[in-house]
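One structure is given here, and the rest of the page talks about it.
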Amino acid sequence: MGGGTLGRVGLRVATGLILAFIYIPLVLVVVYAFNRSGTSAWPPSGFTMAWIATAFANTGLQQAFLTSVAAALGATVIALILGSLASLAVARYAFFGRETISFVVILPIALPGIVTGMALSTTYASLDVPLGLLTIVIGHATFCVVLVYNNAIARLRRIAPSLEEASADLGADTFQTFRYVSFPALRSALLAGGLLAFALSFDEVIVTIFTAGGVKTLPIWIFQSFRLANQVPLVNVAGLVAILLSVIPVYLATRLSGSVAGART
């Protein structure tokens, strides 16, 4: 067996081990959500759908789920508006401090969540803003903007500015040019960025702890219930829901970005 073959085999083994390390714990959460005994013990004692029905009937879990969806939707809307506007400004206009603005927009996702949470909590306290759903949405939007911005600016850099210039030459104003030229070209990139923003916001816990006050999102509910023995079956079901509402948007965004890139090559 040659060195090249050994290298390929070693690479495949390493890849398999890494994937197993990442995904086996997620698979266990899914399996335990259907475990008849309601415990996180291996092997499962049997298969049942009863815990899913019990979880759906749990008022606290229902409210936490709806709060997470509302927060994720709100953060996604804000991210779509601010991210698309920022990307258009940076990609289409030359002005002093343009690169600095790009850096400032991207920075929040690179900061530790605990630092962002502390900063937001301190700011809210200084402004006497009561903690709740609105503060969660604003906190999540600070880093969700990055996902929309990165997708949108990458797309704008592949679109010739001459298309927008031609629209202006034909008499279209700025809004008409955006509506009929820029937005159709950006639509799939914004959709992909919005899906990623929703997934990131839905699962966020560190920033949420600092900005939620008495409001419980699904990740906070899981965090608080994880050590309670009588809540283990519901926590497993909640984990399954969280996995699905994270994986599905990311998968759709990846497929969307991949299909668009393939169509343009």
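Chains: A, B, ... in order of the structure tokens. Residues: from 1 per chain. Ligands: from 1, in order shown.
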Find the residues near region 33-49 of chain A: any atom within 8 Å, counting only C-alpha atoms, skip ones fewer than 3 places away on the same chain, and give them as an MDAnalysis selection string. chainID A and resid 29:30 52:53 232:234 236:237 240
Residues from last step as file, N, CA and C atoms, as an mmCIF file, in the first residue's frame:
data_model
loop_
_atom_site.group_PDB
_atom_site.id
_atom_site.type_symbol
_atom_site.label_atom_id
_atom_site.label_comp_id
_atom_site.auth_asym_id
_atom_site.auth_seq_id
_atom_site.Cartn_x
_atom_site.Cartn_y
_atom_site.Cartn_z
ATOM 1 N N VAL A 29 -29.612 12.089 21.741
ATOM 2 C CA VAL A 29 -30.734 12.930 22.178
ATOM 3 C C VAL A 29 -32.013 12.527 21.459
ATOM 4 N N VAL A 30 -31.898 12.291 20.156
ATOM 5 C CA VAL A 30 -33.061 11.876 19.364
ATOM 6 C C VAL A 30 -33.580 10.527 19.853
ATOM 7 N N ILE A 52 -43.533 12.741 23.528
ATOM 8 C CA ILE A 52 -43.777 13.872 22.629
ATOM 9 C C ILE A 52 -45.146 14.478 22.922
ATOM 10 N N ALA A 53 -46.147 13.633 23.111
ATOM 11 C CA ALA A 53 -47.483 14.127 23.444
ATOM 12 C C ALA A 53 -47.462 14.854 24.792
ATOM 13 N N VAL A 232 -36.500 14.978 32.641
ATOM 14 C CA VAL A 232 -35.592 14.408 31.639
ATOM 15 C C VAL A 232 -36.301 14.024 30.342
ATOM 16 N N PRO A 233 -37.455 13.335 30.383
ATOM 17 C CA PRO A 233 -38.116 12.987 29.116
ATOM 18 C C PRO A 233 -38.511 14.214 28.295
ATOM 19 N N LEU A 234 -38.996 15.253 28.985
ATOM 20 C CA LEU A 234 -39.398 16.469 28.277
ATOM 21 C C LEU A 234 -38.187 17.223 27.738
ATOM 22 N N ASN A 236 -35.444 15.846 26.702
ATOM 23 C CA ASN A 236 -35.013 15.131 25.501
ATOM 24 C C ASN A 236 -35.876 15.497 24.287
ATOM 25 N N VAL A 237 -37.189 15.612 24.508
ATOM 26 C CA VAL A 237 -38.079 16.011 23.417
ATOM 27 C C VAL A 237 -37.777 17.453 23.002
ATOM 28 N N LEU A 240 -34.799 17.458 20.900
ATOM 29 C CA LEU A 240 -35.125 17.011 19.543
ATOM 30 C C LEU A 240 -35.705 18.148 18.715
#
Nearby residues (only C-alpha atoms) at most 10 Å from Ile109 (chain A), same-chain spacing under 6 positions excluded, as a PyMOL selection string: chain A and resi 116+142-147
Restricting it to C-alpha atoms, dump the selection as an mmCIF file, in the first residue's frame.
data_model
loop_
_atom_site.group_PDB
_atom_site.id
_atom_site.type_symbol
_atom_site.label_atom_id
_atom_site.label_comp_id
_atom_site.auth_asym_id
_atom_site.auth_seq_id
_atom_site.Cartn_x
_atom_site.Cartn_y
_atom_site.Cartn_z
ATOM 1 C CA THR A 116 -22.012 40.604 24.468
ATOM 2 C CA THR A 142 -26.651 42.128 17.034
ATOM 3 C CA PHE A 143 -25.029 38.909 15.835
ATOM 4 C CA CYS A 144 -27.695 37.736 13.378
ATOM 5 C CA VAL A 145 -26.997 40.810 11.242
ATOM 6 C CA VAL A 146 -23.593 39.329 10.446
ATOM 7 C CA LEU A 147 -25.063 36.264 8.725
#
Judged by only C-alpha atoms, the minimum distance to Phe198 (chain A) among A:Gly239, A:Gly97, A:Gly214, A:Gly74 is found for A:Gly74
Give me, as an NGL selection string, all polymer residues having an atom no more than 9 Å from Gly117 (chain A), counting only C-alpha atoms and skipping those fewer than 6 positions away in the same chain. :A and (139 or 206-211)
Residue list (helix (DSSP H, G or I), DSSP) for region 100-188 of chain A, as a PyMOL selection string: chain A and resi 100-110+113-126+133-156+161-169+174-188
Distance table requested - region 52-117 of chain A against region 175-178 of chain A, cut-off 12 Å, only C-alpha atoms: one row per qualifying residue with the closest atom pair and its distance in Å to one decimal, ordered by chain and rising residue number, as a tab-separated table.
residue	atom	partner	partner_atom	distance
A:Ser84	CA	A:Phe178	CA	10.9
A:Leu85	CA	A:Phe178	CA	10.7
A:Leu88	CA	A:Phe178	CA	9.7
A:Arg92	CA	A:Phe178	CA	11.9
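Shortest separation to Gly60 (chain A) among A:Leu19, A:Val215, A:Leu245, A:Leu195 occurs at residue A:Val215, atoms counted being only C-alpha atoms.
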Residues near Ser246 (chain A), cut-off 9 Å, only C-alpha atoms, skip fewer than 2 positions along chain, as a PyMOL selection string: chain A and resi 196+198-200+202-203+241-244+248-251
Could you pull the residues within 9 Å of Leu186 (chain A), counting only C-alpha atoms, minus those fewer than 5 positions along the same chain, as a ChimeraX atom specification? /A:84,151-152,155-156,181,191
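Atom to atom, CA of Thr135 (chain A) and CA of Thr123 (chain A) stand 10.6 Å apart.
Closest to Phe223 (chain A) among A:Arg157, A:Asn58, A:Ala64, A:Ala91 is A:Ala64, based on only C-alpha atoms.
Counting only C-alpha atoms, the residue from A:Leu6, A:Ile159, A:Val104, A:Ile220 that sits nearest to Val205 (chain A) is A:Ile220.
Using only C-alpha atoms, the nearest neighbour of Pro130 (chain A) within the list A:Gly16, A:Gly10, A:Gly213, A:Pro219 is A:Gly213.
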If I take CA of Ala89 (chain A) and CA of Ser102 (chain A), how far is one from the other in Å, to one decimal? 9.8 Å
